[in-house]
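To start, the structure itself, in C-alpha cells.
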Amino acid sequence: MAAANDRAPVVSGADLGDARRRNVPGTPQTVAVTETPQPDDKKKVKKGPSPLEILDQWEWLIAPILFTALAFFTRLYKIGLSNIVTWDEAHFGKFGSHYLKREFYFDVHPPAGKLLVGLSGYLAGYNGSFEFKSGETYPPELNYTFMRQFNAFWGAICVPLAYWTAKELKLRRNAVWLVTLMVLCENSYTTISRFILLDSMLLFGTVATTLCWAKFHGQRKNSFEPEWFFWLFMTGLSIGFVTSVKLVGLFVTALVGLYTIEDLWNKFGDTKMPISTLAAHVGTRVVGLIILPFLVYLLSFAIHFAVLTNSGPGDAQMSSLFQANLRGTEVGRNSPLEVAFGSKVTIKNMGYGGGLLHSHVQTYPEGSGQQQVTCYHHKDANNDWFFYPNRRDADYDAAAEPRFIGDGQTIRLLHSQTGRNLHSHQIGAPITKADWEVSSYGNITVGDEKDHWKIEVVSDAASRDRSKIRTLTTAFRLKHEVLGCYLRAGNVNLPQWGFKQIEVTCTKENKPRDTYTHWNIESHINEKLPPGDPGQYRSPFFKDFVHLNVAMMTSNNALVPDPDKQDDLASQWWQWPILHVGLRMCGWDDKIVKYFLLGNPLVYWGSTAGLGVFGLLVGWYILRWQRGYRELSQFDIDQIHYAGIYPVIGWFLHYLPFVVMARVTYVHHYYPALYFAILTFGFLTDWFTRNQKKVVQYGIYALLDATVIGLYIYFIPICWGMTGPNRQYSYMKWFDTWRMSDA
Amino acid sequence: MTTTAPQGTLRQRSVAGSKKPKDGASSDVELDKLVKAANKAPKAVSERDHKAAFTLITILAFVTRFWGISHPNEVVFDEVHFGKFASYYLEKTYFFDVHPPFGKLLFAFVGWLVGFDGHFHFENIGDSYIANKVPYVAFRSLPALLGALTVSVVYLIMWESGYSLPACILAAGLVLLDNAHIGQTRLILLDATLVFAMACSLLCYIKFYKLRHEPFSRKWWKWLILTGFALSCDISTKYVGLFAFITIGSAVVIDLWELLDIKRPGGALTLPQFGKHFAARAFGLIILPFLFYLFWFQVHFTILTRSGPGDDFMTPEFQETLSDNIMLSNAITIDYYDTISIKHKETKAYLHSHPERYPLRYDDGRVSSQGQQVTGYPFNDTNNYWQILPAGADDKQLDRHIKNHDLIRLRHIVTNTILLSHDVASPYFPTNQEFTTVSLADAYGDRAADTLFEVRIEHGKPNQEWKTISGHFKLIHNPSKVAMWTHTKPLPEWGFKQQEINGNKQIAPSSNVWLVEDISSLPADHPRRAKKEKKVKTLPFLRKWFELQRSMFWHNNQLTASHPYASLPYSWPFLLRGVSFWTQNDTRQQIYFLGNPIGWWIASSVLAIFAGIILADQFSLRRGMDALDHRSRSRLYNSTGFFFLAWATHYFPFYVMGRQLFLHHYLPAHLASALVTGALVEFIFSQDAVEHEVAYQAAKAGKKSQTPKHHLTARERFAGQSLFGSWVATGVILTLVAAGWYFFLPLTYGYPGLTVEQVVRRKWLGYDLHFAK
C-alpha cells in the first residue's frame, strides 16, 4: 500500500538510475516519497480512535458507497418524467423491439448493447410492438421507465469504478474524491445515462476497462498469482464487452495494447528472466487480451443470430442463404429450384454487404444519361429482373416448355418495372472511372448486342452440375459479351443523385475470386416450374459473422457528412473539448420535457486545460533531465508514467480518430475521451498539491469540489428535464451556442 | 522513464541521435595510425576516383535525360496543365492552380528566355507542337537539366556522407537508370523541380551538419541558409515538399536535443548558447523558407495582372485588382425600371418564364398552384427579361439606384406578369417553395406581399449599390425568407427539360447566388454604359495571398474524383502499375510512365532488410547481445537511418491523404530508397576491422584525444580493408538494373514502336500497356 514499497522493485529499470544519476550529486531524490501524505499514518499514532478517525479508517468502504448512492440518485431521479421517445431512443429502442420480436435487423454497431436493451425490454414485460418513432408518446403498457433505469444503472456504476481507478493509480485521497466527483457531477454523463441509449454502456465499458487495466498493472509484481490472473481476464472481459457495444471500444483496447507492448518490451529486456517465463507472459496476454475479448465479441454475435430467427428489415444485408434460413422470409420459399428463361428473379451480389441488383427510372446525370443501375439493400419491385434469351436466340415463348439456363449461356436481363435491358458500354462509370458504366437501356425489342451477358458459374453449393443455374446455391458471374468485362458492385456509394445506393459497374479485370463480381439468384418466380426448397443449405456461423461485420464497416463508412443535408445536431471535434455547443435531445416545445446535452463547464474546461498543462509539465521535466537535473524519484517517474501519460494517451486515442474521421460526429462521441481527461486533471491536481501545506491542499480541493458540485446543481435542470417554457432557463445560457433556451 | 533496460541505456543514447558519422573524435588517433599504416597509396587517389566516377555519372545522366527529348512532338499527359500555365504567365493572364507558383514560374522563365509569347494553350494531349510553333524542347530541357543534376546530387549526398566508391555509384546508378525518373523529367512537369529541390535539401543539410564543430562560421551559415532555400523551393513547387521539412525537421530536433545534453561530448552548452543555436535554425529553416515561399507568390501576383480563367476562383474584390476584367469594365449600376437578365452563378441558367403553366398534379401525386412556370434556361431568350419595379407604388420614377437589402418586384416583360413565390411545394422538392408569376392586378392586389423580394448582395455593405456582373446576390422572398434557387435536374416534358426554380429554405449555401448579366433595356451606346477609366484597384499582398492560399487548399482537397490511372500508395514500392502518358496509333508508340521494376524491387527489398536489421539489432541489444561494433551501428542508425527517415516521411503521409494519387508521388521516396540501398550494400558487404572497436573502447575508457575534429573520408574508414564484396554487389545490381532499364526504354522514351509480342513481353505484372492486341 505505502508508496515507499513501490520504489524498490521497479520493473526492470532498477539500475537504470546509475548511469543517469551519477553526475548529479546532491540532488534530493526522496522529497516526494517521504512527504507523501499517508491517510493511514495517523491511526498508528493515537490509540483510541475518535469518530473522525473511524470514518477515516473506513473511508475505503464509506466513500464508494456514498458516491454510488449519489450516482444512483442523480441518474435515476425523475427518470420517467418525459414520456416521449427522446433522441436516439428512436434507434436503440427500436432495435430492442426487434430482439423481442426476434426480427433480423441491420445496424452499424455490434449487438451486445442492443441485446441488453432488448433484455431490459423483456424484463419490463414489453412485447416489442412499439415502433419507437422519434417524439412519440410511449404507450401505457410499455414500462419505459424501467428500461431507462436499466440503462442508468450502467451510467451510475461508472462513479464507484472511477473512484477505484483513481485510487489504483495512486492518487491521494483528495484527488480520488475530486476525480470521482468530476465523474459524478458531470452533467453530460448524467443526461446521457438517463435514456435508452448505448452510451451509458459504452462509458461503463471504457471506465471498467481502465479500472481493470490499472488493477492489472497494480498486480505486476505478483505475476501468475490468482489475483493477477483475475485482473488480466477481467481486462479481457471488459475489452470484449466494450467492443461489442460500440466499436469505439477499440480505442481503449488500443490503450491496453500499448501498455502490454511496453510491458512485454521491458520483460524482454530483463535478461535474468527465463525464456519460459517470458513466453508465459506473452502467452497469457495473448489469451487474456486477444482471444478472450474476441470470444466475447463472437459470443455477442452468436446470441444475436440465435435470437433473431425471424425475417426482418435487415435481411437484405446478409447472404441469400442466410436469409433463406430465417422464419417468415420469402427467400427460398417455394421458389423453383432451377432458373429458366422467363423466370422473374432478384439477383444478389455475393460480396460482403452486397445488395440486390436494382434499377429505377432516374437517369445518370453524367456519362450516358441512361437509366441508373445500382445495388440496393431494400427489397422492392425495382429489384426484379426477367431472364430473357439473347437477340440471336429464339425469342422467349411463354407457351413453350421452359428452357433452363446454364453455365456459358448468353442471356439478357430485363428490368421488370421499366422493361429495359441490363446494358453496358464504353463510357466510364460515374465514380469508379476505370470501369465501364452499367445502365438500363432499350426495351424488349429495341437494343443491341451490348445487352448480352454471358453466365459463368463460379460454384454451386448444391450440385456439381453446371448446366443449370440454381436459386440461392449457384454463384455466377456475368460477363459482358461485347466488352468482356464483368458486372461488379463494389460497395462504392453513389452521390445523392443515386440515392446513396451502391454503384454497379462493369470491370475490365477478370478476377475470378473477386466476390463482388459474384451473384446469385435470391428470389425466383416462375409459375411453370415446380416449387422447390432450395433453402435447406445453411450458411456457416463464421461466414455470417464475417459478412455482417464487413457490412457494418462499409455502411459505417457511408455515414459521411452530406453537404446537402445540414444536420444542426451534428458538431465538430474542435467544439467538444471547449464545450462550445450542446445538443437538444428532443423538441423544444413548451409542453415537452426538454433535455439538453451539455457538460459541466469546469470539468470540460478544466480537463482540457489540464491536457495542455500536462504537456508542459512533461516537456519541462524532460528538458530539465537533459540538462542534468535529477529531481524526480523513481516513484515520481512511475507516477507520471502510469497515472499521467497513459490517461493522456487514452484521451488521444479516443479523440484523434474523430478528428480524422470523415463521418458525422456528435457531442457524445467525446464522452469516453473526457473520462481520460478527467483522470489527467486528477493527476495534475494531485501532483501540484503534493508538497503544499495541508491547509493549502484542503483549500484547493474544497474550492474545486465545491465548484464542480455547484455548477452541477446549477445546470441540473438540463439533465433532469426542463419543464415549461424554455425561456425560464435562460439563466444557464452563458453563450449563444448553448441553446438550452431560445431567449 | 522506468522502461529502458540497463544494458541498453548508454548505447542507445549514443545511437538514437542524429547522424553522426563518428561519435566523438577520440578514436581518430588510432584510426590515423591505421590509415597511415595500411594505406600506402597516394592520398589523392581515392578522391580522384570519386571525381572520375562523379563526372562519368553526371555525363551519363545528361545523356539519358536529353536523348531524343524532342520526341514526341506532341502534348503529353500533364503537359496540358503545366505548359498551359507557362503560357498564362507569358500572357500575364490570371489563372488558378492548386500548386504553388515556383515550379511553374521556372517554366515561364524558360519560355521568356527563348521568346515564346504564350499563344499556344496546350489544350489537348496529342496537339502538335510543330504545327503550333511551340519551343517545347526548351521547355523540356529545364526538367531534363534538373533531372540530370538530381543524379549528380545523389552521388554527392553519398560522397559527402562518407560512403565508399561502390556505394556512391550504386545509389546514383539506381536513380540514373530509373525509367520513372527519366520519364518524369523529360516532360513539362513539376516533379523534376520537386525531386531536385528535395535532393538538394538533403545534401545541404548534410553539409551543414558536418560543420557542426564550427557553429556560426561563415560556411555553417551558408549551408544552413542553402538548406532552407532548397526546402523552400521544394515546398514552393508542390505541397508534398512539406515532407522534406519533416525529414530535415526531425534531424534538427534530434540534433538540438543533443546540443541540450549536459553531458555532451564537446562540453555542455549554456542556455543562451543553446538559444542561439535554436534561433539560427528556426530562422534558417522556417522563417527564411517561408519568406521565399511568399516571395514566389509576390512574383506570381506581379506577373499576372490581367484577368483570365482563374478569376472565378477568387472573390470580386480580388478580381477588381486585375485589369481587362469584364467585371471591372462592364459593371453598371442597376436602376429601378431597368430590364435585366438574371443568371444563376453555378449552373449558368437564366431566370426564365413562359406562358405554359405548372401541371395540376405531379407524378408523385402532389398538386401545384397551376401558375405560370418559372424555370432556369441556359440560352439567351427574350423570355429571360425581367424589369425591376420598386416595392412601393409604381411611380415610374427613374434614375434611382437599387441598394443592398432593397425590396423589389420583378416583372416578366413578355407575359407582363410579376414574379411571386408562395407556400406551395415546388415540382421536385416538397420542402421548397414554388416560384410562379401573377398578373399585375394580383401583384398589386391580394398577393402584393408575396411578390416582394429582397436583393441581398453577397459580402455587401449596407447601402452598397447593386451592379451587373460583379454584384453577386441572393434573391430572398420577403415574407417567407426563402432564397431563389435552382439545380441541374431537368423538369419533365411539361417544363421542356428546363431547370426547376424554387425557394430554398436554407439561405446560406452559395448555390443560391445569382448575378445580373446585362441590362437589356440600355442601348449599347447609352451613357450609363460608358466605361469610366477606373484604375485597377489594389489589395494588400498578404490579403491576396491568404485568399489564394485558402482557395488552393480547398480545391486540393476537392481533387478526389477517381482517375483511371490513379493508384494507391501501397502499390508504389512494388511498382504494381504505371500510368499511360501518351500513345500514337499509327506508329504503335507509347509512353508508359513506369519505374525500372528491377531497380524498384531491389530498393524496396533493401528497405525491408534495413528495417529487419534495425529490429534485430534492437531485439538483440535488449537481450544484452551486442552484434555490431560501435562504428557500424552509429553509421547504420545515423546516416543510413537518416535516408530511411527521408524515405518514410516521403512515403507514409500519402496513406492519410484523401486526394487522388499517382505513381509519380513516389519519386522523392524512391530517391531516398536508392540512398538506403547504396548505404546498406556497403554495410553488408564490407567487414569493418575489429581494431576500430578496440580503439573505440579504449578511447571510451578514458583517454582523451587532442586530435582536431574532422570527418572521416571513405578512404580513411576503409583503410586496410577490401571493398571487393561491395564492388561485386554493386556490379551485379547495376548490371541487372541496366538490363531492366534498357528493356523498358521504348516505353519511357516513346520509341521505337513495339510489336504486339514485344508489348506483351513487357506486361510484367499485367501492366496495362497499350497495343497489346
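Here, A, B, ... name the chains of the C-alpha cells in the order displayed, residue numbers run from 1 inside each chain, and ligands are numbered from 1 in the same displayed order.
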
Leu259 in chain B: which residues within 8 Å, counting only C-alpha atoms, same-chain residues fewer than 3 positions away excluded, as a list in words?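 My list of contacting residues is Asp255, Leu256, Arg264, Ala268, Leu269 and Phe274 of chain B.
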
When you draw a straight line from CA of Trp436 in chain A to CA of Cys506 in chain A, how long is it in Å?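 Atom-to-atom, CA of Trp436 in chain A and CA of Cys506 in chain A are spaced 5.0 Å apart.
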
Rank B:Val606, B:Val374, B:Val516, B:Ile613 by their smallest atom-to-atom distance to Gly495 in chain B, using only C-alpha atoms, and report the top residue only.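 Of the candidates, the smallest distance to Gly495 in chain B is held by B:Val374.
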
For Lys222 in chain B, list every protein, DNA or RNA residue within 12 Å, evaluated using only C-alpha atoms, and leave out those in the same chain fewer than 2 positions away; present the list as a PyMOL selection string. chain B and resi 204-205+207-209+211+215-220+224-229+280+284

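Considering only C-alpha atoms, the residue among B:Thr436, B:Arg529, B:Ser632, B:Asn179 positioned nearest to Ile598 in chain B is B:Asn179.
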
Counting only C-alpha atoms, what is within 8 Å of Glu79 in chain B, bar same-chain residues fewer than 6 positions away, as a list in words?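 Near neighbours after the sequence-gap exclusion: Phe122, Ile125, Leu187, Ile188 and Leu189 of chain B.
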
Can you work out which one of B:Pro479, B:Pro509, B:Pro101, B:Pro430 has the shortest atom-to-atom distance to chain A, counting only C-alpha atoms?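 Result for the nearest residue to chain A: B:Pro509.
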
Using only C-alpha atoms for the distances, tell me which of A:Leu211, A:Leu184, A:Met350, A:Leu278 is nearest to chain B.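 Distance minimum relative to chain B lands on A:Leu278.
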
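Using only C-alpha atoms, the residues found no farther than 7 Å from range 124-126 of chain A, other than those of its own chain fewer than 3 positions away, are Ser120, Gly121, Leu142, Asn143, Phe146 and Met147 of chain A.
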
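The list of residues with at least one atom within 10 Å of Ile591 in chain B, based on only C-alpha atoms and without residues fewer than 3 positions apart in the same chain, reads Pro72, Val76, Phe77, Gly183, Val579, Ser580, Phe581, Trp582, Thr583, Gln584, Leu594, Leu745, Pro746, Leu747, Thr748, Tyr749, Gly750, Tyr751, Gly753, Leu769 and His770 of chain B.
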